[in-house]
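Peer 1: Structure file model_11.txt (compact mmCIF, C-alpha atoms) is given on the next line.
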```txt
# COMPACT_ATOMS: atom_id res chain seq x y z
CA MET V 1 192.51 35.25 -9.11
CA GLU V 2 196.02 35.53 -7.83
CA THR V 3 196.45 39.01 -9.22
CA THR V 4 193.28 40.17 -7.46
CA GLU V 5 194.53 38.89 -4.15
CA ASN V 6 197.87 40.59 -4.73
CA ALA V 7 196.12 43.84 -5.54
CA LEU V 8 193.99 43.61 -2.41
CA HIS V 9 197.07 42.79 -0.34
CA GLN V 10 198.96 45.77 -1.73
CA HIS V 11 195.95 47.98 -1.20
CA SER V 12 195.77 47.16 2.47
CA GLU V 13 199.51 47.65 2.89
CA ASN V 14 199.28 51.08 1.39
CA HIS V 15 196.69 52.10 3.94
CA GLY V 16 198.33 50.79 7.05
CA GLY V 17 195.95 48.77 9.18
CA SER V 18 192.76 50.01 7.56
CA TRP V 19 189.72 47.90 6.82
CA GLU V 20 190.40 45.06 4.41
CA GLY V 21 186.80 44.33 3.59
CA ALA V 22 186.64 41.13 5.58
CA THR V 23 184.85 42.11 8.76
CA SER V 24 182.39 44.87 9.52
CA PRO V 25 184.10 47.61 11.54
CA PHE V 26 180.91 48.27 13.50
CA ASN V 27 180.30 44.54 13.98
CA VAL V 28 176.68 44.96 12.92
CA SER V 29 174.67 44.00 9.84
CA TYR V 30 173.92 46.44 7.05
CA GLY V 31 170.20 46.44 7.87
CA LYS V 32 170.67 47.29 11.53
CA LEU V 33 173.22 50.00 10.79
CA MET V 34 170.88 51.62 8.27
CA MET V 35 168.00 51.43 10.75
CA TRP V 36 170.18 53.37 13.20
CA TYR V 37 170.91 56.03 10.59
CA PHE V 38 167.27 56.25 9.55
CA LEU V 39 166.38 56.80 13.20
CA LEU V 40 169.10 59.44 13.47
CA SER V 41 167.59 61.39 10.55
CA ASP V 42 164.11 60.93 12.00
CA ALA V 43 165.37 62.27 15.33
CA PHE V 44 166.42 65.44 13.53
CA THR V 45 162.95 65.81 12.00
CA PHE V 46 161.29 65.51 15.39
CA ALA V 47 163.88 67.78 16.97
CA GLY V 48 163.13 70.39 14.30
CA PHE V 49 159.43 70.25 15.13
CA LEU V 50 159.93 70.38 18.88
CA ILE V 51 162.48 73.19 18.68
CA ALA V 52 160.02 75.13 16.50
CA TYR V 53 157.42 74.64 19.23
CA GLY V 54 159.90 75.99 21.78
CA ALA V 55 160.86 79.00 19.67
CA LEU V 56 157.22 79.94 19.01
CA ARG V 57 156.32 79.46 22.66
CA PHE V 58 159.19 81.71 23.73
CA SER V 59 158.07 84.31 21.17
CA SER V 60 154.50 84.45 22.47
CA PRO V 61 153.48 86.71 25.36
CA SER V 62 151.03 84.06 26.59
CA TRP V 63 150.73 80.33 26.04
CA PRO V 64 148.00 77.83 26.97
CA VAL V 65 148.91 76.00 30.17
CA PRO V 66 149.15 72.26 29.38
CA ASP V 67 147.74 71.08 32.69
CA PHE V 68 144.61 73.12 31.88
CA VAL V 69 144.33 72.07 28.23
CA PHE V 70 145.00 68.38 28.87
CA SER V 71 142.90 67.78 31.94
CA THR V 72 140.12 65.59 30.58
CA ALA V 73 139.91 61.82 30.30
CA PRO V 74 137.26 59.36 29.07
CA PHE V 75 134.25 58.38 31.20
CA GLY V 76 133.45 61.97 32.05
CA ILE V 77 136.62 62.66 34.03
CA HIS V 78 137.70 66.25 33.99
CA ASP V 79 139.90 68.56 36.06
CA ALA V 80 142.37 65.67 36.16
CA PRO V 81 145.51 67.34 34.79
CA LEU V 82 147.90 65.11 32.82
CA ILE V 83 146.34 61.89 34.09
CA PHE V 84 145.23 60.65 30.67
CA VAL V 85 148.56 61.37 28.95
CA THR V 86 150.39 59.63 31.79
CA ILE V 87 148.33 56.53 31.04
CA MET V 88 149.26 56.93 27.36
CA SER V 89 152.95 57.14 28.33
CA PHE V 90 152.67 53.97 30.35
CA LEU V 91 151.09 52.15 27.40
CA LEU V 92 154.13 53.03 25.25
CA ILE V 93 156.62 52.12 28.00
CA ILE V 94 154.94 48.75 28.52
CA SER V 95 154.86 48.01 24.80
CA SER V 96 158.55 48.93 24.61
CA VAL V 97 159.29 46.44 27.37
CA THR V 98 157.32 43.65 25.67
CA MET V 99 159.30 44.42 22.50
CA VAL V 100 162.57 43.84 24.39
CA ARG V 101 161.19 40.48 25.47
CA ALA V 102 160.31 39.61 21.86
CA VAL V 103 163.89 40.37 20.76
CA GLN V 104 165.27 38.23 23.61
CA GLU V 105 163.09 35.29 22.63
CA GLY V 106 164.30 35.81 19.05
CA HIS V 107 167.90 35.34 20.16
CA ARG V 108 166.87 32.03 21.67
CA GLU V 109 165.15 31.09 18.37
CA ASN V 110 161.88 30.67 20.29
CA LYS V 111 159.23 31.29 17.63
CA LYS V 112 156.20 31.06 19.92
CA GLY V 113 157.76 33.45 22.41
CA VAL V 114 158.49 36.04 19.70
CA VAL V 115 154.93 35.90 18.37
CA PHE V 116 153.47 36.18 21.89
CA TRP V 117 155.52 39.22 22.95
CA MET V 118 155.10 40.94 19.58
CA LEU V 119 151.34 40.49 19.85
CA LEU V 120 151.39 42.22 23.26
CA THR V 121 153.51 45.01 21.75
CA ILE V 122 150.97 45.50 18.96
CA ILE V 123 148.12 45.64 21.48
CA GLY V 124 150.03 48.30 23.44
CA GLY V 125 150.62 50.37 20.31
CA ALA V 126 147.01 50.05 19.18
CA GLY V 127 145.89 51.07 22.68
CA PHE V 128 148.05 54.18 22.48
CA LEU V 129 146.53 55.07 19.10
CA GLY V 130 143.05 54.58 20.55
CA CYS V 131 143.87 56.98 23.40
CA GLN V 132 145.24 59.51 20.94
CA ALA V 133 142.09 59.21 18.82
CA TRP V 134 140.01 59.98 21.91
CA GLU V 135 142.23 62.93 22.83
CA TRP V 136 141.95 64.42 19.34
CA THR V 137 138.19 63.82 19.16
CA ASN V 138 137.74 65.61 22.46
CA LEU V 139 139.94 68.55 21.46
CA ILE V 140 138.39 68.97 18.00
CA GLY V 141 134.78 67.95 18.59
CA LYS V 142 134.10 69.29 22.07
CA GLU V 143 136.69 71.96 22.74
CA HIS V 144 136.78 73.25 19.12
CA MET V 145 140.52 73.42 18.77
CA SER V 146 141.75 73.18 15.17
CA VAL V 147 144.91 73.81 13.15
CA THR V 148 143.88 77.46 12.75
CA THR V 149 141.74 78.13 15.83
CA ASN V 150 142.88 77.91 19.42
CA PRO V 151 140.11 78.63 21.93
CA PHE V 152 142.55 78.03 24.81
CA GLY V 153 143.79 81.42 25.93
CA SER V 154 145.34 82.89 29.04
CA HIS V 155 144.83 86.20 30.78
CA VAL V 156 147.58 88.80 30.58
CA ASN V 157 146.22 90.80 33.55
CA SER V 158 144.12 90.04 36.59
CA GLY V 159 140.44 90.87 36.32
CA VAL V 160 136.82 90.13 37.15
CA TYR V 161 134.19 88.72 34.79
CA LEU V 162 131.00 90.70 34.12
CA ASP V 163 127.55 89.32 34.91
CA GLU V 164 124.39 89.37 32.72
CA LYS V 165 123.80 93.04 33.51
CA GLY V 166 127.34 94.08 32.73
CA ASN V 167 128.37 94.57 36.38
CA PRO V 168 131.45 92.93 37.89
CA SER V 169 130.54 89.46 39.18
CA SER V 170 132.13 87.46 41.97
CA GLU V 171 134.19 85.46 39.43
CA THR V 172 137.74 86.80 39.48
CA PHE V 173 140.96 85.55 37.90
CA LYS V 174 144.68 86.23 38.18
CA ALA V 175 147.13 87.16 35.46
CA GLY V 176 148.28 84.00 33.66
CA ALA V 177 145.03 82.12 34.36
CA SER V 178 143.83 79.95 31.46
CA TYR V 179 140.38 79.89 29.91
CA LEU V 180 138.57 77.91 27.25
CA MET V 181 136.14 79.77 25.00
CA HIS V 182 132.95 77.81 24.41
CA LYS V 183 130.68 77.82 21.41
CA SER V 184 127.24 79.25 21.99
CA GLU V 185 125.09 76.43 20.63
CA GLU V 186 126.08 73.81 23.14
CA GLY V 187 125.79 73.09 26.84
CA GLY V 188 128.31 71.51 29.19
CA HIS V 189 129.77 68.29 27.77
CA ASP V 190 132.10 65.77 29.34
CA GLY V 191 135.07 67.43 27.77
CA ASP V 192 134.24 70.97 28.76
CA HIS V 193 136.07 72.83 31.44
CA SER V 194 133.39 75.09 32.81
CA GLU V 195 129.66 75.43 32.80
CA GLY V 196 127.06 77.87 31.52
CA HIS V 197 127.26 80.65 28.95
CA HIS V 198 125.63 78.73 26.16
CA ALA V 199 122.76 79.49 23.76
CA LEU V 200 123.69 83.15 23.32
CA ALA V 201 122.73 84.95 20.11
CA LYS V 202 125.48 86.28 17.87
CA GLY V 203 126.61 89.81 18.57
CA ASP V 204 127.19 91.98 21.63
CA HIS V 205 125.86 91.15 25.10
CA PRO V 206 126.50 92.89 28.44
CA ASN V 207 128.62 89.97 29.63
CA ALA V 208 130.02 88.57 26.39
CA PHE V 209 130.59 89.01 22.69
CA VAL V 210 129.60 86.14 20.37
CA ASP V 211 131.55 86.10 17.11
CA ASP V 212 130.37 84.83 13.71
CA ALA V 213 131.79 81.37 14.32
CA GLY V 214 129.75 81.20 17.55
CA PHE V 215 132.65 81.48 19.98
CA ILE V 216 131.70 83.24 23.21
CA HIS V 217 134.26 85.88 24.16
CA ARG V 218 133.43 86.63 27.80
CA LYS V 219 133.78 90.21 28.97
CA PHE V 220 135.80 91.18 32.00
CA LYS V 221 137.06 94.23 33.82
CA VAL V 222 140.83 94.49 34.12
CA THR V 223 142.05 94.99 37.70
CA SER V 224 145.83 95.07 37.18
CA GLY V 225 148.38 96.46 34.76
CA PRO V 226 148.27 99.64 32.67
CA ASN V 227 144.69 99.04 31.43
CA THR V 228 143.15 98.83 34.92
CA GLY V 229 139.43 99.60 34.79
CA ALA V 230 138.99 98.86 31.08
CA VAL V 231 136.45 96.29 29.90
CA GLU V 232 138.03 93.71 27.61
CA ILE V 233 136.92 90.48 25.96
CA GLU V 234 138.58 87.07 25.94
CA GLU V 235 140.71 86.63 22.85
CA PHE V 236 141.77 83.44 21.08
CA GLY V 237 145.01 81.87 22.30
CA PRO V 238 148.17 81.75 20.15
CA LYS V 239 147.20 80.23 16.81
CA ALA V 240 150.44 78.27 16.53
CA PHE V 241 149.46 76.10 19.51
CA GLY V 242 146.77 74.14 17.66
CA ALA V 243 148.86 73.75 14.51
CA LEU V 244 151.94 72.60 16.45
CA PHE V 245 149.92 70.23 18.60
CA PHE V 246 148.18 68.49 15.73
CA PHE V 247 151.27 68.36 13.51
CA ILE V 248 153.68 67.06 16.13
CA THR V 249 151.44 64.59 17.95
CA GLY V 250 150.01 63.62 14.54
CA PHE V 251 153.48 62.97 13.15
CA HIS V 252 154.32 60.88 16.18
CA GLY V 253 150.98 59.07 15.97
CA PHE V 254 151.70 58.29 12.33
CA HIS V 255 155.00 56.73 13.40
CA VAL V 256 153.12 54.62 15.93
CA LEU V 257 150.59 53.62 13.27
CA SER V 258 153.26 52.57 10.77
CA GLY V 259 155.14 50.82 13.60
CA VAL V 260 152.02 48.80 14.42
CA ALA V 261 151.60 47.93 10.72
CA PHE V 262 155.21 46.74 10.40
CA LEU V 263 155.05 44.85 13.70
CA LEU V 264 151.96 43.08 12.40
CA ILE V 265 153.64 42.12 9.11
CA ILE V 266 156.78 40.91 10.86
CA MET V 267 154.78 38.99 13.46
CA ILE V 268 152.96 37.14 10.68
CA ASN V 269 156.30 36.39 9.01
CA VAL V 270 157.68 35.10 12.32
CA ALA V 271 154.67 32.84 12.73
CA SER V 272 155.11 31.51 9.19
CA GLY V 273 158.72 30.54 9.94
CA VAL V 274 160.41 32.90 7.46
CA TYR V 275 162.95 34.19 9.99
CA ALA V 276 163.54 30.83 11.66
CA ALA V 277 164.86 29.61 8.29
CA ARG V 278 167.35 32.50 8.18
CA LYS V 279 169.00 31.33 11.43
CA ASN V 280 170.19 34.82 12.33
CA GLY V 281 168.50 35.13 15.70
CA TYR V 282 165.40 36.86 14.27
CA GLU V 283 167.32 39.93 13.21
CA MET V 284 164.25 41.43 11.53
CA VAL V 285 162.54 41.48 14.94
CA GLU V 286 165.56 43.34 16.30
CA LYS V 287 165.31 45.95 13.53
CA ILE V 288 161.63 46.67 14.04
CA GLY V 289 162.43 46.64 17.77
CA LEU V 290 164.90 49.49 17.25
CA TYR V 291 162.22 51.45 15.42
CA TRP V 292 159.63 50.75 18.10
CA HIS V 293 161.93 51.88 20.92
CA PHE V 294 162.61 55.04 18.95
CA VAL V 295 158.88 55.79 18.83
CA ASP V 296 158.85 55.46 22.62
CA LEU V 297 161.96 57.63 22.84
CA VAL V 298 160.33 60.41 20.81
CA TRP V 299 157.27 60.24 23.02
CA VAL V 300 159.51 60.91 26.05
CA PHE V 301 160.29 64.30 24.49
CA VAL V 302 156.82 65.02 23.07
CA PHE V 303 155.49 64.29 26.56
CA LEU V 304 158.09 66.58 28.12
CA VAL V 305 157.55 69.49 25.74
CA PHE V 306 153.76 69.43 25.29
CA TYR V 307 152.51 68.17 28.63
CA LEU V 308 155.09 68.60 31.39
CA PHE V 309 156.51 72.07 30.65
CA MET M 1 174.07 41.73 22.11
CA SER M 2 174.02 41.49 25.84
CA HIS M 3 176.48 39.33 27.70
CA LYS M 4 173.94 38.36 30.33
CA THR M 5 172.30 34.99 30.68
CA TYR M 6 168.66 34.59 29.68
CA GLU M 7 167.39 34.73 33.25
CA GLU M 8 169.47 37.82 34.01
CA SER M 9 168.22 39.67 30.96
CA LYS M 10 164.60 38.80 31.81
CA LYS M 11 165.14 40.35 35.24
CA ALA M 12 166.79 43.40 33.66
CA VAL M 13 163.68 43.96 31.52
CA VAL M 14 161.38 44.00 34.55
CA LYS M 15 163.81 46.36 36.25
CA GLY M 16 163.70 48.63 33.20
CA LEU M 17 159.91 48.66 33.23
CA PHE M 18 159.76 49.77 36.86
CA LEU M 19 162.55 52.29 36.38
CA LEU M 20 160.88 54.02 33.40
CA GLY M 21 157.45 53.91 35.03
CA PHE M 22 158.80 55.31 38.28
CA VAL M 23 160.73 58.13 36.57
CA THR M 24 157.62 59.04 34.54
CA LEU M 25 155.49 59.23 37.70
CA ILE M 26 158.13 61.43 39.39
CA GLU M 27 158.15 63.72 36.35
CA VAL M 28 154.36 64.11 36.36
CA PHE M 29 154.42 64.74 40.12
CA ILE M 30 157.14 67.41 39.86
CA SER M 31 155.37 69.05 36.89
CA LEU M 32 152.06 69.21 38.79
CA PHE M 33 153.91 70.47 41.88
CA GLY M 34 155.42 73.28 39.82
CA LYS M 35 151.99 74.22 38.47
CA GLY M 36 150.52 74.41 41.99
CA HIS M 37 148.31 71.31 41.88
CA ILE M 38 149.94 69.62 44.87
CA ILE M 39 150.35 72.67 47.11
CA PRO M 40 147.93 75.39 45.90
CA GLY M 41 149.52 78.79 45.43
CA ILE M 42 153.11 77.59 45.09
CA ASN M 43 153.02 78.42 41.37
CA ASP M 44 152.96 82.13 42.31
CA ILE M 45 156.69 81.86 42.98
CA THR M 46 157.96 82.79 39.53
CA TRP M 47 161.49 81.41 39.78
CA LEU M 48 160.13 77.96 40.70
CA ALA M 49 159.44 77.20 37.04
CA TYR M 50 163.19 77.09 36.27
CA PRO M 51 164.34 74.37 38.70
CA VAL M 52 161.15 72.39 38.02
CA GLY M 53 161.72 72.59 34.25
CA LEU M 54 165.38 71.68 34.64
CA ILE M 55 164.65 68.63 36.81
CA ILE M 56 162.00 67.19 34.47
CA ALA M 57 164.26 67.85 31.45
CA ILE M 58 167.12 65.96 33.13
CA LEU M 59 164.82 63.09 34.08
CA SER M 60 163.57 62.90 30.45
CA ILE M 61 167.13 62.81 29.15
CA TYR M 62 167.86 60.03 31.64
CA LYS M 63 164.86 58.08 30.26
CA ALA M 64 166.13 58.65 26.72
CA TYR M 65 169.60 57.44 27.76
CA PHE M 66 168.13 54.31 29.32
CA ILE M 67 165.98 53.49 26.27
CA ILE M 68 168.90 53.96 23.86
CA TYR M 69 171.54 52.18 25.92
CA GLU M 70 169.54 49.28 27.35
CA PHE M 71 166.45 48.72 25.22
CA MET M 72 168.13 49.57 21.92
CA HIS M 73 171.37 47.84 23.05
CA MET M 74 173.62 50.81 22.25
CA ALA M 75 175.71 49.95 25.31
CA TYR M 76 176.70 46.65 23.66
CA GLU M 77 177.53 48.08 20.22
CA VAL M 78 180.99 49.07 18.95
CA LYS M 79 182.06 52.51 20.17
CA GLY M 80 182.36 53.84 16.60
CA LEU M 81 178.73 53.03 15.84
CA ALA M 82 177.57 54.77 19.02
CA LEU M 83 179.60 57.85 18.13
CA THR M 84 178.22 58.09 14.57
CA VAL M 85 174.74 58.29 16.07
CA LEU M 86 175.41 60.36 19.18
CA LEU M 87 177.84 62.98 17.85
CA PRO M 88 175.49 64.35 15.15
CA THR M 89 172.71 64.43 17.74
CA SER M 90 174.85 66.67 19.94
CA LEU M 91 174.55 69.38 17.25
CA LEU M 92 171.00 69.85 18.49
CA ILE M 93 172.34 71.50 21.65
CA TRP M 94 173.31 74.52 19.59
CA ALA M 95 169.99 74.42 17.69
CA LEU M 96 168.18 74.59 21.05
CA ILE M 97 170.19 77.56 22.27
CA ALA M 98 169.99 79.44 18.96
CA PHE M 99 166.28 79.00 18.28
CA PHE M 100 165.15 79.72 21.83
CA GLN M 101 167.23 82.88 21.71
CA GLU M 102 165.57 83.63 18.37
CA GLY M 103 162.11 83.12 19.84
CA THR M 104 162.88 85.48 22.71
CA ALA M 105 164.12 88.07 20.20
CA TRP M 106 160.87 87.82 18.18
CA LYS M 107 158.91 88.54 21.31
CA ALA M 108 160.99 91.61 22.14
CA ARG M 109 160.68 92.83 18.56
CA ARG M 110 156.89 92.43 18.55
CA GLU M 111 156.59 94.35 21.80
CA PHE M 112 158.81 97.06 20.37
CA VAL M 113 156.62 97.37 17.26
CA LYS M 114 153.47 97.40 19.39
CA GLU M 115 154.92 100.16 21.56
CA LYS M 116 155.89 102.23 18.53
CA ASN M 117 152.47 101.74 16.90
CA ALA M 118 150.75 102.97 20.03
CA LYS M 119 152.66 106.26 19.92
CA THR M 120 150.91 109.30 18.47
CA ILE M 121 152.99 111.72 16.50
CA GLU M 122 152.45 115.44 16.77
CA PRO M 123 152.47 116.99 13.31
CA SER M 124 155.17 119.65 13.15
CA LYS M 125 154.08 123.22 12.60
CA GLY M 126 156.82 124.37 10.24
CA ASN M 127 157.67 123.29 6.73
CA GLN M 128 157.68 119.55 6.36
CA GLY M 129 160.23 117.60 4.39
CA TYR M 130 162.41 120.65 4.23
CA LEU M 131 165.64 121.25 6.05
CA ASP M 132 167.14 124.66 6.43
CA ASP M 133 170.87 125.17 6.04
CA ASN M 134 171.60 125.07 9.79
CA SER M 135 170.21 121.59 10.38
CA LEU M 136 171.92 119.92 7.40
CA PHE M 137 174.66 117.52 8.29
CA ARG M 138 177.87 118.50 6.62
CA LEU M 139 180.17 115.71 5.73
```
In structure tokens, write the structure found in this file.

Peer 2:
Amino acid sequence: METTENALHQHSENHGGSWEGATSPFNVSYGKLMMWYFLLSDAFTFAGFLIAYGALRFSSPSWPVPDFVFSTAPFGIHDAPLIFVTIMSFLLIISSVTMVRAVQEGHRENKKGVVFWMLLTIIGGAGFLGCQAWEWTNLIGKEHMSVTTNPFGSHVNSGVYLDEKGNPSSETFKAGASYLMHKSEEGGHDGDHSEGHHALAKGDHPNAFVDDAGFIHRKFKVTSGPNTGAVEIEEFGPKAFGALFFFITGFHGFHVLSGVAFLLIIMINVASGVYAARKNGYEMVEKIGLYWHFVDLVWVFVFLVFYLF
Amino acid sequence: MSHKTYEESKKAVVKGLFLLGFVTLIEVFISLFGKGHIIPGINDITWLAYPVGLIIAILSIYKAYFIIYEFMHMAYEVKGLALTVLLPTSLLIWALIAFFQEGTAWKARREFVKEKNAKTIEPSKGNQGYLDDNSLFRL
């Protein structure tokens, strides 16, 4: 025993005033420190995804305009750019705030308070997931966006759409304007952006071309740029858009889902008195709190990159 | 851990809620303004996208700072812990610059290839794949 202490003493002398193994240099528990480092690595994963989105967007001559793509909301609301995602952001902000309250009540060893605020946090997270489910359903089911198909395109030149006889109509557009290609078998749904042009047979028409998958590529006459006067058809938007959207928001949504699952487990443990017995100010609630705030933090950047830019 | 009393920290939470909500609303407003939804036609000014993008990026970074420092209590942790998290994150600044530059280069390259593919080449009338003595490079 004595020799060990001597050895330790010598060891610390050799290294000047370095850590002697008695107190934590970061003044934080192992669990919390490791949660911070897990979040750091997770931040790099998300950053990799978002930077990939940026690089591919920069490399593409055209890109779907977010305030056109994300302009629908439940209950038949459309042409309301970014309104629905703003509501989703608020849900996450509010659930982050209720999480802070849960941690505060934990420091006071107030079991009922922790359970109450965690329950509100879980409801907020579940609400966010519900909104995301609606958003995805609308994009996939009604607007036919998928990982490999992106019907949201944008015009490179100005032009004028052709009517049923193949003559220029009164419907004009400017370079950079966005469009959504519809499928021929359906009419105007809640989620759709514009009306008409449904129930067309496959093949060539004076005003459109319907491909094998049923997408209607509307025809138009170019009125600006080097191809002025040529008749062109609407093309699919950059393929990467759909893949990036579903992978990145899906990855974030999966974080929210696992966050809700862990919050639920920890809330049940709090209610059963497991953490009260530990007498460490409900540290487990603090740890899941760190994770939950991180999910909100990532959303700040997903929101910025996908919806605001 | 915060050094505030319970009542003070409860007030700080409400303050944080309004701050984040307010900044988010401002961001959405500025984004829609830049896209021409508030004043129609303003999005025709091409340079407008840069200040608008810069402002919403700064506001988002401010939100991130607030979440990390207040909600995640980084402000009350030991400086060394904060640095072990924040310094590696700062490497991303270079990743941003490098990959956006890369993306721009891909675009230029694609346009270059497209331009070259569109060119038609006149077949030469003389012997092909044959160089006479006068046009040989002498080293």

Peer 1: Return as a PyMOL selection string the residues belonging to chain M that are within 7 Å of chain V, counting all atoms listed in the file.

Peer 2: chain M and resi 13+17+21+28+31+53+60+64+67+71-72+78+80-81+85+96+99-100+102-104+106-107

Peer 1: Counting all atoms listed in the file, what is within 9 Å of V:Asp163, bar same-chain residues fewer than 4 positions away, as a ChimeraX atom specification?

Peer 2: /V:167-171,206-208,219-220

Peer 1: At what distance in Å, to one decimal, does atom CA of V:Trp117 lie from atom CA of V:Val270?

Peer 2: 11.6 Å
